[in-house]
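So this one's final_38.tsv, TSV, C-alpha atoms:
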chain	number	residue	atom	x	y	z
A	6	MET	CA	113.83	170.97	-11.78
A	7	GLU	CA	115.21	173.66	-9.49
A	8	ASN	CA	117.25	172.35	-6.59
A	9	LYS	CA	115.21	172.17	-3.40
A	10	THR	CA	115.63	171.51	0.30
A	11	ILE	CA	113.35	168.57	1.09
A	12	VAL	CA	112.49	167.23	4.54
A	13	VAL	CA	111.22	163.64	4.60
A	14	LYS	CA	109.50	162.50	7.79
A	15	LEU	CA	109.31	158.73	8.20
A	16	GLY	CA	106.82	157.39	10.71
A	17	THR	CA	107.36	154.25	12.74
A	18	SER	CA	104.70	152.44	10.73
A	19	VAL	CA	106.63	153.21	7.52
A	20	LEU	CA	109.96	152.05	8.93
A	21	THR	CA	108.57	148.83	10.40
A	22	GLY	CA	105.99	148.02	7.73
A	23	GLY	CA	103.51	147.45	10.54
A	24	SER	CA	105.73	144.81	12.13
A	25	SER	CA	107.49	144.95	15.51
A	26	GLN	CA	110.96	145.73	14.11
A	27	LEU	CA	112.69	147.85	11.46
A	28	ASN	CA	112.04	146.76	7.88
A	29	ARG	CA	115.52	147.17	6.40
A	30	ALA	CA	114.41	146.18	2.90
A	31	HIS	CA	111.95	149.07	2.80
A	32	MET	CA	114.41	151.43	4.47
A	33	VAL	CA	117.05	150.80	1.81
A	34	GLU	CA	114.46	151.55	-0.86
A	35	LEU	CA	113.69	154.90	0.80
A	36	VAL	CA	117.42	155.60	1.05
A	37	ARG	CA	117.84	154.84	-2.66
A	38	GLN	CA	115.13	157.41	-3.46
A	39	CYS	CA	116.73	160.04	-1.21
A	40	ALA	CA	120.15	159.32	-2.71
A	41	ALA	CA	118.72	159.89	-6.20
A	42	LEU	CA	117.45	163.32	-5.13
A	43	HIS	CA	120.83	164.06	-3.58
A	44	ARG	CA	122.61	163.22	-6.84
A	45	GLN	CA	120.31	165.64	-8.64
A	46	GLY	CA	121.56	168.43	-6.38
A	47	HIS	CA	118.73	168.58	-3.86
A	48	ARG	CA	119.35	168.94	-0.12
A	49	VAL	CA	117.68	166.13	1.85
A	50	VAL	CA	116.82	165.95	5.55
A	51	LEU	CA	115.36	162.87	7.24
A	52	VAL	CA	113.22	163.07	10.37
A	53	SER	CA	113.21	159.48	11.53
A	54	SER	CA	110.93	157.81	14.02
A	55	GLY	CA	111.55	154.25	15.16
A	56	ALA	CA	114.06	154.53	18.03
A	57	ILE	CA	111.83	152.91	20.65
A	58	ALA	CA	110.70	150.19	18.23
A	59	ALA	CA	114.35	149.50	17.32
A	60	GLY	CA	115.35	149.35	20.98
A	61	ARG	CA	112.55	146.97	21.87
A	62	ALA	CA	113.46	144.65	18.98
A	63	HIS	CA	117.19	144.76	19.80
A	64	LEU	CA	116.50	143.70	23.40
A	65	GLY	CA	114.27	140.84	22.28
A	66	HIS	CA	110.90	142.46	23.04
A	67	PRO	CA	111.12	142.32	26.84
A	68	PRO	CA	107.82	142.63	28.78
A	69	LEU	CA	108.10	146.19	30.11
A	70	ALA	CA	105.58	148.45	31.79
A	71	PRO	CA	104.86	151.55	29.67
A	72	THR	CA	106.65	153.92	32.06
A	73	LEU	CA	108.63	156.99	31.02
A	74	THR	CA	111.92	155.52	32.25
A	75	ASN	CA	111.35	152.28	30.31
A	76	LYS	CA	110.59	154.25	27.15
A	77	GLN	CA	113.70	156.35	27.69
A	78	MET	CA	115.76	153.21	28.15
A	79	LEU	CA	114.38	151.71	24.93
A	80	ALA	CA	115.06	154.98	23.10
A	81	ALA	CA	118.65	155.10	24.38
A	82	VAL	CA	119.28	151.57	23.10
A	83	GLY	CA	117.27	152.00	19.93
A	84	GLN	CA	118.74	155.32	18.86
A	85	THR	CA	122.17	153.73	18.42
A	86	GLN	CA	120.64	150.90	16.40
A	87	LEU	CA	118.58	153.27	14.28
A	88	ILE	CA	121.41	155.61	13.35
A	89	ARG	CA	123.67	152.63	12.61
A	90	VAL	CA	121.12	151.29	10.13
A	91	TRP	CA	120.78	154.69	8.45
A	92	GLN	CA	124.56	155.08	8.29
A	93	ASP	CA	125.05	151.63	6.77
A	94	LEU	CA	122.32	152.17	4.19
A	95	PHE	CA	123.50	155.61	3.07
A	96	ASN	CA	127.07	154.28	2.92
A	97	LEU	CA	125.86	152.05	0.09
A	98	TYR	CA	125.53	155.26	-1.93
A	99	ASP	CA	128.71	156.88	-0.59
A	100	LEU	CA	126.73	159.40	1.41
A	101	HIS	CA	127.49	160.60	4.92
A	102	VAL	CA	124.88	161.17	7.62
A	103	GLY	CA	124.87	163.37	10.72
A	104	GLN	CA	122.63	162.79	13.71
A	105	MET	CA	120.73	165.60	15.43
A	106	LEU	CA	118.72	164.83	18.58
A	107	LEU	CA	116.44	167.66	19.64
A	108	THR	CA	114.00	168.52	22.42
A	109	ARG	CA	111.48	171.30	22.69
A	110	ALA	CA	113.94	173.19	24.89
A	111	ASP	CA	116.32	173.39	21.92
A	112	LEU	CA	113.61	175.14	19.92
A	113	GLU	CA	112.17	177.40	22.62
A	114	ASP	CA	115.43	179.08	23.61
A	115	ARG	CA	116.36	181.59	20.93
A	116	GLU	CA	120.13	180.96	21.15
A	117	ARG	CA	119.76	177.16	21.11
A	118	TYR	CA	117.30	177.47	18.22
A	119	LEU	CA	119.85	179.45	16.21
A	120	ASN	CA	122.59	176.94	17.09
A	121	ALA	CA	120.40	174.05	15.90
A	122	ARG	CA	119.59	175.96	12.71
A	123	ASP	CA	123.27	176.68	12.02
A	124	THR	CA	124.28	173.06	12.62
A	125	LEU	CA	121.55	171.75	10.34
A	126	ARG	CA	122.34	174.15	7.53
A	127	THR	CA	126.09	173.48	7.83
A	128	LEU	CA	125.45	169.74	7.46
A	129	LEU	CA	123.46	170.47	4.31
A	130	ASP	CA	126.12	172.83	2.97
A	131	HIS	CA	128.64	169.98	3.26
A	132	ARG	CA	126.28	167.59	1.44
A	133	ILE	CA	125.69	165.50	4.58
A	134	ILE	CA	122.25	163.95	5.19
A	135	PRO	CA	120.93	165.14	8.59
A	136	ILE	CA	119.01	162.44	10.49
A	137	ILE	CA	116.78	164.18	13.06
A	138	ASN	CA	114.86	162.64	15.92
A	139	GLU	CA	113.54	163.77	19.27
A	140	ASN	CA	115.96	163.06	22.11
A	141	ASP	CA	113.59	160.60	23.77
A	142	ALA	CA	116.32	159.20	26.01
A	143	VAL	CA	116.35	162.38	28.10
A	144	ALA	CA	113.14	164.22	27.15
A	145	THR	CA	110.36	164.42	29.71
A	146	ALA	CA	106.79	165.47	29.05
A	147	GLU	CA	107.74	169.07	29.87
A	148	ILE	CA	110.46	169.32	27.22
A	149	LYS	CA	109.16	167.01	24.48
A	150	VAL	CA	107.94	168.30	21.15
A	151	GLY	CA	105.60	165.33	21.50
A	152	ASP	CA	105.66	163.72	18.08
A	153	ASN	CA	107.88	163.62	15.02
A	154	ASP	CA	105.23	165.17	12.77
A	155	ASN	CA	105.49	168.48	14.60
A	156	LEU	CA	109.24	168.01	14.98
A	157	SER	CA	109.52	167.64	11.20
A	158	ALA	CA	107.63	170.91	10.66
A	159	ARG	CA	110.09	172.68	12.91
A	160	ALA	CA	113.00	170.95	11.17
A	161	ALA	CA	111.63	172.20	7.84
A	162	ILE	CA	111.66	175.74	9.20
A	163	LEU	CA	115.18	175.32	10.61
A	164	ALA	CA	116.38	174.08	7.22
A	165	ASP	CA	114.49	176.78	5.28
A	166	ALA	CA	112.94	173.89	3.33
A	167	ASP	CA	110.87	174.08	0.19
A	168	LEU	CA	108.97	170.83	0.75
A	169	LEU	CA	108.00	168.68	3.74
A	170	ILE	CA	106.95	165.10	2.95
A	171	LEU	CA	105.10	163.28	5.75
A	172	LEU	CA	105.20	159.58	4.90
A	173	THR	CA	102.79	157.38	6.81
A	174	ASP	CA	100.76	154.18	6.48
A	175	GLN	CA	97.75	156.18	5.24
A	176	THR	CA	97.13	157.26	1.64
A	177	GLY	CA	96.36	160.80	2.74
A	178	LEU	CA	93.53	162.79	4.28
A	179	PHE	CA	90.03	161.57	3.42
A	180	THR	CA	86.54	163.07	3.59
A	181	ALA	CA	85.68	160.31	6.09
A	182	ASP	CA	87.38	157.36	7.77
A	183	PRO	CA	88.19	155.01	4.84
A	184	ARG	CA	88.41	152.05	7.24
A	185	THR	CA	84.71	152.30	8.03
A	186	ASN	CA	83.21	154.36	5.21
A	187	PRO	CA	83.49	152.94	1.66
A	188	ASP	CA	82.40	156.30	0.22
A	189	ALA	CA	85.36	158.16	1.73
A	190	GLN	CA	87.31	160.11	-0.89
A	191	LEU	CA	90.91	161.31	-0.84
A	192	ILE	CA	91.32	165.07	-0.39
A	193	GLU	CA	94.01	165.90	-2.94
A	194	GLU	CA	94.65	169.50	-1.90
A	195	VAL	CA	93.89	171.55	1.21
A	196	GLN	CA	93.80	175.34	1.09
A	197	THR	CA	92.28	175.93	4.54
A	198	ILE	CA	92.77	173.99	7.77
A	199	ASP	CA	89.70	174.60	9.90
A	200	ASP	CA	87.76	172.84	12.66
A	201	THR	CA	85.77	170.81	10.12
A	202	LEU	CA	88.97	169.41	8.65
A	203	ARG	CA	90.45	168.71	12.08
A	204	LYS	CA	87.44	166.59	12.97
A	205	LEU	CA	88.29	164.29	10.05
A	206	ALA	CA	91.66	163.50	11.60
A	207	GLY	CA	91.84	160.47	13.90
A	208	GLY	CA	94.49	159.03	16.18
A	209	SER	CA	97.42	156.73	15.50
A	210	VAL	CA	96.17	153.71	13.58
A	211	SER	CA	99.08	151.32	13.92
A	212	GLY	CA	99.65	151.72	17.64
A	213	LEU	CA	103.41	151.79	16.96
A	214	GLY	CA	103.93	155.53	16.83
A	215	THR	CA	102.81	158.64	18.69
A	216	GLY	CA	101.33	160.54	15.77
A	217	GLY	CA	98.09	160.31	13.83
A	218	MET	CA	96.45	162.41	11.14
A	219	ALA	CA	95.71	165.12	13.73
A	220	THR	CA	99.40	165.73	14.43
A	221	LYS	CA	100.09	165.75	10.69
A	222	LEU	CA	97.51	168.51	10.25
A	223	GLN	CA	99.20	170.48	13.03
A	224	ALA	CA	102.57	170.01	11.35
A	225	ALA	CA	101.21	170.97	7.94
A	226	ASP	CA	99.66	174.14	9.37
A	227	VAL	CA	102.91	175.24	11.02
A	228	ALA	CA	105.11	174.47	8.01
A	229	ARG	CA	102.90	176.00	5.33
A	230	ARG	CA	102.65	179.25	7.30
A	231	ALA	CA	106.44	179.44	7.10
A	232	GLY	CA	106.39	179.06	3.31
A	233	VAL	CA	106.87	175.28	3.09
A	234	ASP	CA	104.77	173.06	0.82
A	235	VAL	CA	103.57	169.95	2.66
A	236	VAL	CA	102.40	166.54	1.43
A	237	ILE	CA	100.91	163.66	3.43
A	238	ALA	CA	101.30	160.37	1.54
A	239	THR	CA	101.82	156.67	2.06
A	240	GLY	CA	105.37	155.38	2.11
A	241	GLN	CA	104.34	152.33	0.11
A	242	VAL	CA	103.90	154.15	-3.22
A	243	PRO	CA	106.75	153.25	-5.63
A	244	GLU	CA	109.32	156.07	-6.00
A	245	VAL	CA	107.13	158.23	-3.76
A	246	VAL	CA	109.89	160.59	-2.57
A	247	GLY	CA	111.16	161.48	-6.03
A	248	ARG	CA	107.69	161.72	-7.53
A	249	LEU	CA	106.54	164.10	-4.80
A	250	ALA	CA	109.70	166.18	-5.18
A	251	ASN	CA	108.82	166.51	-8.87
A	252	GLY	CA	105.35	167.79	-7.98
A	253	GLU	CA	103.37	164.68	-8.84
A	254	ARG	CA	99.89	164.55	-7.29
A	255	ILE	CA	100.11	161.82	-4.66
A	256	GLY	CA	98.37	161.92	-1.30
A	257	THR	CA	97.15	165.22	0.17
A	258	ARG	CA	99.02	168.43	-0.60
A	259	PHE	CA	99.01	171.60	1.53
A	260	PRO	CA	100.40	174.51	-0.53
A	261	ALA	CA	102.52	177.07	1.30
A	262	LEU	CA	100.51	180.10	2.37
A	263	ALA	CA	103.20	182.70	1.83
A	264	SER	CA	106.84	183.33	1.15
A	265	PRO	CA	109.17	182.11	3.89
A	266	LEU	CA	109.04	184.09	7.12
A	267	GLU	CA	112.05	186.00	8.33
A	268	GLY	CA	114.09	184.15	10.95
A	269	ARG	CA	112.64	185.76	14.07
A	270	LYS	CA	109.06	185.14	12.98
A	271	SER	CA	109.90	181.56	12.06
A	272	TRP	CA	111.12	181.08	15.62
A	273	ILE	CA	107.89	182.54	17.01
A	274	LEU	CA	105.92	180.02	14.97
A	275	ALA	CA	108.18	177.00	15.43
A	276	GLY	CA	109.70	177.49	18.85
A	277	PRO	CA	108.12	178.26	22.20
A	278	PRO	CA	104.47	177.42	22.96
A	279	PRO	CA	102.32	180.44	23.86
A	280	LEU	CA	102.27	181.06	27.61
A	281	GLY	CA	99.27	183.37	27.69
A	282	GLU	CA	96.50	185.03	25.74
A	283	VAL	CA	95.71	188.63	24.90
A	284	GLN	CA	92.22	189.41	23.61
A	285	VAL	CA	91.75	192.47	21.41
A	286	ASP	CA	88.89	194.55	20.04
A	287	LEU	CA	87.73	194.83	16.44
A	288	GLY	CA	89.72	198.00	15.86
A	289	ALA	CA	92.95	196.24	16.79
A	290	VAL	CA	92.00	193.26	14.59
A	291	ALA	CA	91.55	195.54	11.58
A	292	ALA	CA	94.76	197.46	12.27
A	293	MET	CA	96.89	194.32	12.58
A	294	ARG	CA	95.25	192.34	9.78
A	295	ASP	CA	94.64	195.06	7.20
A	296	LYS	CA	97.37	197.61	7.95
A	297	GLY	CA	100.13	195.45	9.39
A	298	SER	CA	100.12	197.49	12.59
A	299	SER	CA	101.61	196.65	15.96
A	300	LEU	CA	99.30	195.84	18.87
A	301	LEU	CA	98.79	198.86	21.14
A	302	PRO	CA	97.58	198.61	24.75
A	303	LYS	CA	94.48	200.59	23.72
A	304	GLY	CA	93.19	197.65	21.69
A	305	ILE	CA	93.56	195.04	24.45
A	306	THR	CA	90.36	193.94	26.20
A	307	GLY	CA	91.55	190.94	28.20
A	308	VAL	CA	94.70	189.19	29.46
A	309	ARG	CA	94.92	185.53	30.52
A	310	GLY	CA	97.78	183.38	31.72
A	311	ILE	CA	101.07	184.08	33.47
A	312	PHE	CA	103.89	185.32	31.27
A	313	VAL	CA	106.86	187.65	31.45
A	314	ARG	CA	108.29	190.20	29.08
A	315	GLY	CA	109.72	188.35	26.05
A	316	ASP	CA	107.30	185.39	26.19
A	317	VAL	CA	105.17	184.36	23.23
A	318	VAL	CA	101.39	184.84	23.62
A	319	ARG	CA	98.33	184.14	21.52
A	320	ILE	CA	96.38	187.14	20.25
A	321	LEU	CA	92.64	186.44	20.13
A	322	ASP	CA	89.91	188.34	18.32
A	323	PRO	CA	86.68	189.34	20.14
A	324	HIS	CA	85.19	185.90	19.35
A	325	GLY	CA	88.11	184.02	20.90
A	326	SER	CA	89.65	182.85	17.61
A	327	GLU	CA	93.43	183.01	17.33
A	328	LEU	CA	94.46	185.92	15.16
A	329	ALA	CA	98.22	185.98	15.71
A	330	ARG	CA	101.14	185.08	17.95
A	331	GLY	CA	103.72	187.47	19.18
A	332	ILE	CA	106.44	188.33	21.68
A	333	CYS	CA	105.09	190.53	24.47
A	334	ARG	CA	106.96	193.63	25.62
A	335	TYR	CA	105.15	193.65	28.97
A	336	ASN	CA	104.30	190.91	31.47
A	337	HIS	CA	100.78	189.74	32.30
A	338	GLU	CA	100.38	192.03	35.32
A	339	GLU	CA	101.57	195.07	33.38
A	340	LEU	CA	99.33	194.35	30.40
A	341	THR	CA	96.34	193.84	32.68
A	342	ARG	CA	96.89	197.36	34.02
A	343	LEU	CA	97.50	198.78	30.55
A	344	ARG	CA	94.54	197.25	28.67
A	345	GLY	CA	92.44	199.90	26.99
A	346	VAL	CA	94.97	202.62	27.82
A	347	HIS	CA	96.54	205.07	25.36
A	348	SER	CA	100.27	204.55	24.84
A	349	ASP	CA	101.18	207.99	26.20
A	350	GLN	CA	99.83	206.92	29.60
A	351	ILE	CA	102.10	203.84	30.01
A	352	GLU	CA	104.85	205.51	32.01
A	353	THR	CA	102.34	207.39	34.15
A	354	LEU	CA	100.60	204.15	35.13
A	355	LEU	CA	103.66	201.92	35.54
A	356	GLY	CA	106.34	204.45	36.43
A	357	TYR	CA	108.44	203.09	33.55
A	358	GLY	CA	107.93	201.85	30.01
A	359	TYR	CA	109.28	199.49	27.37
A	360	GLY	CA	107.88	201.38	24.42
A	361	ALA	CA	104.49	202.41	23.07
A	362	VAL	CA	103.39	198.98	21.80
A	363	ALA	CA	102.38	195.81	23.59
A	364	ILE	CA	103.54	193.58	20.73
A	365	HIS	CA	105.53	195.03	17.84
A	366	ARG	CA	104.64	193.99	14.29
A	367	ASP	CA	108.21	192.69	13.81
A	368	ASP	CA	107.61	190.30	16.73
A	369	MET	CA	104.25	189.08	15.47
A	370	VAL	CA	103.02	186.34	13.11
A	371	LEU	CA	99.48	186.73	11.79
A	372	LEU	CA	97.56	183.46	11.51

Rewrite the coordinates I just gave you, this time as structure tokens.
Amino acid sequence: MENKTIVVKLGTSVLTGGSSQLNRAHMVELVRQCAALHRQGHRVVLVSSGAIAAGRAHLGHPPLAPTLTNKQMLAAVGQTQLIRVWQDLFNLYDLHVGQMLLTRADLEDRERYLNARDTLRTLLDHRIIPIINENDAVATAEIKVGDNDNLSARAAILADADLLILLTDQTGLFTADPRTNPDAQLIEEVQTIDDTLRKLAGGSVSGLGTGGMATKLQAADVARRAGVDVVIATGQVPEVVGRLANGERIGTRFPALASPLEGRKSWILAGPPPLGEVQVDLGAVAAMRDKGSSLLPKGITGVRGIFVRGDVVRILDPHGSELARGICRYNHEELTRLRGVHSDQIETLLGYGYGAVAIHRDDMVLL
């Protein structure tokens, strides 16, 4: 098998086995599987949940109100416990680990994104296992990625991964809720993520973590658009990591949609959230989708939100469906004035110009 870069996301329910503390026996089994892949020449990245659960257990499960500061305190205590466990377990196989704590701010800022990417890839180049988690001890709602499913998708893009494995307490994605519907069937492969599929996804089942099947679908959609194969599977299957790395059909697989995106487009997809929306006409839709054209002001019919030059915006078709995301060359006020206008009139209307296009094709990711 060709050597791969494999990101393994471990949910809190997997690490605790549904209990209130880390299940070290199961964690060492997962480490053994990752070590086996490492010996075969693969590059392995772990995105590990469990910091708050580890902190709560280490402090003896104190009765705490669910406030942000209490959660940050538990994360600060638990992160040291969690990385110590991972370090001790990988030491059993003579492997080194390196911790990376990220927030959304690290991914939104282009320079910090590139720094995080370089650090991650350097760890892998030196055969060190990166252990990634959100920096919950300092992250507020405004700078949180929000869940480790979406963080793992962004980590997969940073690492230029071939495969993202989302291990959970669920077998995979089903046609209905298997807890209430005995006729529910496992969906083995997903080619299209649409609204019908999203409705099948529920919330967090265990109550221990922040993610559910909905966040896993979001993560799968982001990663597969960047050329990463994604699998959702239960962490309880014997040898699950190695078997998935070898292509065995376990859980629900989301094949990559295309070859990996170039770095700048990966950042557009994985980094900053869109700050506004630009609606376009059918002519612009056809030009961008069928010809790979840039978006010209002439094709814009509406502008929503407040954004500045260089921000990422959503590009909507006439029906309001998201067609693409891209980096705008003009702010929201300028684009509002320029909508429907030919490019040769930009400088006449504004008194200046930043080029003939609103969003260049090199700064755009079609969805």

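For the atom pair formed by atom CA of A:Gly307 and atom CA of A:Leu355, the distance is 17.9 Å, given to one decimal.
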
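Each of A:Ile11, A:Leu73, A:Ala110, A:Ala80 was checked against A:Arg61 using all atoms listed in the file; the smallest atom-to-atom distance is that of A:Ala80.
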
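Here atom CA of A:Met78 is placed at a distance of 10.3 Å from atom CA of A:Ala56.
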
field: Residue contacts of A:Trp91 (9 Å, all atoms listed in the file) excluding same-chain residues fewer than 3 positions away, as a PyMOL selection string
entry: chain A and resi 32-33+36+86-88+94-96+102+136

message: List as a VMD selection string the protein and nucleic acid residues near stretch 237-250 of chain A, meaning an atom at most 6 Å away when all atoms listed in the file are counted, but skip any in the same chain fewer than 5 places from it.
response: chain A and resid 19 171 to 177 256 to 257

message: As an exercise, work out the distance from atom CA of A:Asn75 to atom CA of A:Ser25 in Å and give it to one decimal place.
response: 17.0 Å

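Among the candidate residues A:Asp167, A:Glu139, A:Lys221, A:Arg366, the one lying nearest to A:Lys296 is A:Arg366, with distances computed using all atoms listed in the file.
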
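Using only C-alpha atoms for every distance, the candidate list A:Gly232, A:Gly83, A:Pro279, A:Gly325 yields A:Gly232 as the residue closest to A:Phe259.
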
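You can rank A:Gly297, A:Gly281, A:Gly358, A:Gly55 by their closest distance to A:Leu321 using all atoms listed in the file, and at the top of that list sits A:Gly281.
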
message: Residues near A:Arg117, anyone? I mean within 12 Å using all atoms listed in the file, not counting same-chain ones fewer than 4 positions away, as a ChimeraX atom specification.
response: /A:107-113,121-124,163,272,276-277

field: Closest of A:Leu119, A:Ala289, A:Ala70, A:Ile57 to A:Val82 - atom-to-atom distances counting all atoms listed in the file
entry: A:Ile57

Write stretch 188-197 of chain A as a compact mmCIF listing (two decimals), keeping the file's coordinate frame, completed to all heavy atoms.
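Printed below is out_33.txt as written:
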# COMPACT_ATOMS: atom_id res chain seq x y z
N ASP A 188 82.59 155.13 1.08
CA ASP A 188 82.40 156.30 0.22
C ASP A 188 83.43 157.40 0.49
O ASP A 188 83.37 158.47 -0.13
CB ASP A 188 80.99 156.89 0.43
CG ASP A 188 79.89 155.90 0.00
OD1 ASP A 188 80.12 155.18 -0.99
OD2 ASP A 188 78.85 155.86 0.67
N ALA A 189 84.35 157.15 1.41
CA ALA A 189 85.36 158.16 1.73
C ALA A 189 86.24 158.44 0.51
O ALA A 189 86.65 157.53 -0.20
CB ALA A 189 86.22 157.68 2.89
N GLN A 190 86.50 159.71 0.26
CA GLN A 190 87.31 160.11 -0.89
C GLN A 190 88.57 160.85 -0.43
O GLN A 190 88.53 161.61 0.55
CB GLN A 190 86.49 161.01 -1.82
CG GLN A 190 85.29 160.31 -2.46
CD GLN A 190 84.56 161.21 -3.43
OE1 GLN A 190 84.74 162.43 -3.41
NE2 GLN A 190 83.72 160.63 -4.26
N LEU A 191 89.65 160.64 -1.15
CA LEU A 191 90.91 161.31 -0.84
C LEU A 191 90.79 162.80 -1.12
O LEU A 191 90.28 163.21 -2.17
CB LEU A 191 92.04 160.72 -1.69
CG LEU A 191 93.42 161.36 -1.51
CD1 LEU A 191 93.99 161.05 -0.13
CD2 LEU A 191 94.37 160.87 -2.61
N ILE A 192 91.24 163.62 -0.19
CA ILE A 192 91.32 165.07 -0.39
C ILE A 192 92.69 165.36 -0.98
O ILE A 192 93.71 165.22 -0.31
CB ILE A 192 91.13 165.82 0.94
CG1 ILE A 192 89.78 165.46 1.56
CG2 ILE A 192 91.23 167.33 0.71
CD1 ILE A 192 89.57 166.05 2.95
N GLU A 193 92.73 165.74 -2.24
CA GLU A 193 94.01 165.90 -2.94
C GLU A 193 94.74 167.18 -2.57
O GLU A 193 95.97 167.22 -2.61
CB GLU A 193 93.79 165.83 -4.45
CG GLU A 193 93.32 164.45 -4.93
CD GLU A 193 93.29 164.35 -6.44
OE1 GLU A 193 93.58 165.38 -7.11
OE2 GLU A 193 93.00 163.26 -6.96
N GLU A 194 94.00 168.24 -2.25
CA GLU A 194 94.65 169.50 -1.90
C GLU A 194 93.84 170.23 -0.84
O GLU A 194 92.61 170.25 -0.90
CB GLU A 194 94.83 170.39 -3.13
CG GLU A 194 95.62 171.66 -2.84
CD GLU A 194 96.04 172.39 -4.11
OE1 GLU A 194 96.74 171.79 -4.94
OE2 GLU A 194 95.66 173.57 -4.24
N VAL A 195 94.53 170.81 0.12
CA VAL A 195 93.89 171.55 1.21
C VAL A 195 94.39 172.99 1.18
O VAL A 195 95.59 173.24 1.26
CB VAL A 195 94.21 170.91 2.58
CG1 VAL A 195 93.71 171.80 3.71
CG2 VAL A 195 93.58 169.53 2.67
N GLN A 196 93.46 173.93 1.06
CA GLN A 196 93.80 175.34 1.09
C GLN A 196 93.59 175.95 2.47
O GLN A 196 94.28 176.88 2.87
CB GLN A 196 92.94 176.11 0.07
CG GLN A 196 93.21 175.73 -1.37
CD GLN A 196 94.56 176.22 -1.86
OE1 GLN A 196 95.17 177.11 -1.26
NE2 GLN A 196 95.07 175.63 -2.93
N THR A 197 92.61 175.39 3.22
CA THR A 197 92.28 175.93 4.54
C THR A 197 92.17 174.81 5.55
O THR A 197 91.45 173.84 5.34
CB THR A 197 90.93 176.70 4.50
OG1 THR A 197 91.01 177.73 3.51
CG2 THR A 197 90.62 177.31 5.85
